[in-house]
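Taking it in order: structure first as structure tokens, then the write-up.
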Amino acid sequence: MRITRYTDYALRVLLYLAVRPDEVVTIRAIAECYGISENHLMKVVHKLGQIGVVQTVRGRGGGLKLARPPEEISLGAVVRATEDDLALVECLDSTANTCPIAGGCGLTGIVNEALAAFLAVLDRYSLADAVCRSRDLERLLKVGV
């Protein structure tokens with residue numbers, strides 16, 4: 001299983017915001033910290049706003065911040081919302097499946113179970129769990145420097 005770069009960036013944005021709970025942060029600051037294109041991050045942040053985990057602040061001094069406490073942001077929900085395709089093998093995609101052995105192969109059920117287990121683990125964790133070592137994370141993200 002591999003998550004897309006889009007989801008990776010979404011999780012990074014959330015981590016960045018979580019270690020700055022009292023700040024309004026710009027996309028530019030996040031992009032510079034991670035060495036990511038601002039244009040790409042704008043798309044990611046837009047999606048995070050749509051799913052209700054990031055709030056944008058307009059006007060002078062504007063930017064973004066978490067819309068909810070980190071404890072209320074499920075990592076599983078974020079991954080589900082930001083991944084376009086969780087069909088790990090072709091036969092799990094009912095609209096594009098052309099596998100000639102679909103329906104007679106036991107691999108479909110096994111891969112489905114593996115995907116469910118992957119998501120179940122993510123569902124057990126919140127953004128707060130991902131920033132539990134916040135001192136290390138703050139140092140790496142240069143908070144307060």
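So you can find residues: chains in the structure tokens are A, B, ... in the order shown, residues in each start at 1, and ligands are numbered from 1 in order.
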Among range 9-128 of chain A, which residues does DSSP mark as strand (DSSP E or B) when it is run on the backbone? Keep the chain and numbering as in the structure and answer as a PyMOL selection string. chain A and resi 25+54-57+63-66+74+126
Near Thr4 in chain A, counting only C-alpha atoms, which residues have an atom at most 10 Å away, once you skip same-chain residues fewer than 4 positions from it, shown as a PyMOL selection string? chain A and resi 8-10+79+82-85
Let me see the file: selected residues, N, CA and C atoms, as an mmCIF file, in the first residue's frame.
```cif
data_model
loop_
_atom_site.group_PDB
_atom_site.id
_atom_site.type_symbol
_atom_site.label_atom_id
_atom_site.label_comp_id
_atom_site.auth_asym_id
_atom_site.auth_seq_id
_atom_site.Cartn_x
_atom_site.Cartn_y
_atom_site.Cartn_z
ATOM 1 N N ASP A 8 0.141 12.570 1.261
ATOM 2 C CA ASP A 8 1.336 12.840 2.063
ATOM 3 C C ASP A 8 1.410 14.334 2.378
ATOM 4 N N TYR A 9 1.214 15.162 1.380
ATOM 5 C CA TYR A 9 1.261 16.613 1.585
ATOM 6 C C TYR A 9 0.132 17.080 2.497
ATOM 7 N N ALA A 10 -1.044 16.482 2.355
ATOM 8 C CA ALA A 10 -2.168 16.845 3.228
ATOM 9 C C ALA A 10 -1.821 16.559 4.681
ATOM 10 N N VAL A 79 -7.066 10.315 5.095
ATOM 11 C CA VAL A 79 -6.568 9.477 3.999
ATOM 12 C C VAL A 79 -7.705 9.102 3.050
ATOM 13 N N THR A 82 -8.597 12.149 0.872
ATOM 14 C CA THR A 82 -7.591 12.693 -0.049
ATOM 15 C C THR A 82 -7.091 11.681 -1.082
ATOM 16 N N GLU A 83 -7.374 10.416 -0.872
ATOM 17 C CA GLU A 83 -6.968 9.405 -1.854
ATOM 18 C C GLU A 83 -8.082 9.235 -2.880
ATOM 19 N N ASP A 84 -7.738 9.377 -4.143
ATOM 20 C CA ASP A 84 -8.729 9.202 -5.210
ATOM 21 C C ASP A 84 -9.103 7.746 -5.423
ATOM 22 N N ASP A 85 -8.148 6.856 -5.213
ATOM 23 C CA ASP A 85 -8.362 5.463 -5.571
ATOM 24 C C ASP A 85 -7.705 4.550 -4.548
#
```
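If you count only C-alpha atoms and ignore residues fewer than 6 places along the chain from range 92-103 of chain A, what sits within 12 Å of it is Asp84, Asp85, Leu86, Gly109, Ile110, Val111, Asn112, Glu113 and Leu115 of chain A.
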Would you put the residues from that selection into a file with N, CA and C atoms, as a PDB file, in the first residue's frame?
```
ATOM      1  N   ASP A  84      -7.738   9.377  -4.143  1.00  0.00           N
ATOM      2  CA  ASP A  84      -8.729   9.202  -5.210  1.00  0.00           C
ATOM      3  C   ASP A  84      -9.103   7.746  -5.423  1.00  0.00           C
ATOM      4  N   ASP A  85      -8.148   6.856  -5.213  1.00  0.00           N
ATOM      5  CA  ASP A  85      -8.362   5.463  -5.571  1.00  0.00           C
ATOM      6  C   ASP A  85      -7.705   4.550  -4.548  1.00  0.00           C
ATOM      7  N   LEU A  86      -8.507   3.892  -3.766  1.00  0.00           N
ATOM      8  CA  LEU A  86      -7.975   2.944  -2.795  1.00  0.00           C
ATOM      9  C   LEU A  86      -8.067   1.501  -3.296  1.00  0.00           C
ATOM     10  N   GLY A 109     -10.417 -10.894  -2.101  1.00  0.00           N
ATOM     11  CA  GLY A 109     -10.809 -10.859  -0.692  1.00  0.00           C
ATOM     12  C   GLY A 109      -9.634 -10.590   0.232  1.00  0.00           C
ATOM     13  N   ILE A 110      -8.490 -11.178  -0.105  1.00  0.00           N
ATOM     14  CA  ILE A 110      -7.298 -10.980   0.719  1.00  0.00           C
ATOM     15  C   ILE A 110      -6.844  -9.532   0.672  1.00  0.00           C
ATOM     16  N   VAL A 111      -6.790  -8.946  -0.523  1.00  0.00           N
ATOM     17  CA  VAL A 111      -6.360  -7.551  -0.671  1.00  0.00           C
ATOM     18  C   VAL A 111      -7.375  -6.613  -0.038  1.00  0.00           C
ATOM     19  N   ASN A 112      -8.642  -6.936  -0.176  1.00  0.00           N
ATOM     20  CA  ASN A 112      -9.688  -6.135   0.474  1.00  0.00           C
ATOM     21  C   ASN A 112      -9.507  -6.145   1.993  1.00  0.00           C
ATOM     22  N   GLU A 113      -9.202  -7.300   2.550  1.00  0.00           N
ATOM     23  CA  GLU A 113      -8.973  -7.418   3.987  1.00  0.00           C
ATOM     24  C   GLU A 113      -7.743  -6.610   4.410  1.00  0.00           C
ATOM     25  N   LEU A 115      -6.509  -3.944   2.909  1.00  0.00           N
ATOM     26  CA  LEU A 115      -6.866  -2.524   2.835  1.00  0.00           C
ATOM     27  C   LEU A 115      -7.696  -2.117   4.046  1.00  0.00           C
TER      28      LEU A 115
END
```
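For the choices A:Lys142, A:Arg124, A:Arg20, A:Arg28, the atom-to-atom distance to Gly63 in chain A is smallest for A:Arg28 when using only C-alpha atoms.
Using only C-alpha atoms, the residues found no farther than 12 Å from Cys33 in chain A, other than those of its own chain fewer than 5 positions away, are Tyr9, Arg12, Val13, Leu15, Tyr16, Val25, Thr26, Ile27, Arg28, Glu38, Leu41, Glu138, Arg139, Leu140, Leu141, Lys142 and Val143 of chain A.
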Determine, counting only C-alpha atoms, which protein, DNA and RNA residues have an atom within 10 Å of an atom of Asp22 in chain A; residues of the same chain fewer than 4 positions away are not included. Present the result as a ChimeraX atom specification. /A:17-18,65-66
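In terms of minimum interatomic distance to Leu48 in chain A, A:Val78 ranks closest within A:Val78, A:Ala120, A:Leu88, A:Ala31, counting only C-alpha atoms.
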Just list the residues in range 6-125 of chain A DSSP gives alpha helix (DSSP H) on the backbone, as an NGL selection string. :A and (6-18 or 27-34 or 38-50 or 75-82 or 107-123)
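You will find CA of Leu127 in chain A at 24.5 Å from CA of Arg58 in chain A.
CA of Val24 in chain A is positioned 11.0 Å from CA of Arg60 in chain A.
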Got a sec: who's within 9 Å of Pro70 in chain A, counting only C-alpha atoms, leaving out chain neighbours fewer than 6 positions off, as a ChimeraX atom specification? /A:14,18,53,126-129,131
For the residues in that selection, give me N, CA and C atoms as a compact mmCIF listing (two decimals), in the first residue's frame.
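Result went into part17.txt, see below:
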```txt
# COMPACT_ATOMS: atom_id res chain seq x y z
N LEU A 14 -1.27 19.28 7.88
CA LEU A 14 -1.94 19.14 9.18
C LEU A 14 -0.94 19.08 10.32
N ALA A 18 -0.69 21.69 13.34
CA ALA A 18 -0.90 21.16 14.69
C ALA A 18 0.17 21.62 15.67
N VAL A 53 -11.22 20.24 8.01
CA VAL A 53 -10.12 20.12 8.97
C VAL A 53 -9.21 21.34 8.98
N SER A 126 -5.44 9.86 15.78
CA SER A 126 -5.82 11.22 15.42
C SER A 126 -4.56 12.01 15.08
N LEU A 127 -4.75 13.21 14.62
CA LEU A 127 -3.62 14.09 14.36
C LEU A 127 -2.83 14.33 15.63
N ALA A 128 -3.50 14.37 16.77
CA ALA A 128 -2.82 14.57 18.05
C ALA A 128 -1.82 13.45 18.31
N ASP A 129 -2.16 12.23 17.93
CA ASP A 129 -1.24 11.11 18.11
C ASP A 129 0.02 11.29 17.26
N VAL A 131 1.45 14.05 16.50
CA VAL A 131 2.32 15.13 17.00
C VAL A 131 2.69 14.90 18.46
```
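Distances here use only C-alpha atoms; by that measure, the residue among A:Gly52, A:Ile3, A:Cys132, A:Ala87 closest to Glu72 in chain A is A:Gly52.
Checking A:Leu64, A:Ala116, A:Val121, A:Ile30 one by one against His46 in chain A, counting only C-alpha atoms, you find the shortest gap at A:Leu64.
Using only C-alpha atoms, the shortest contact distance between Tyr6 in chain A and any of A:Met42, A:Ile73, A:Ala67, A:Phe118 is found at A:Met42.
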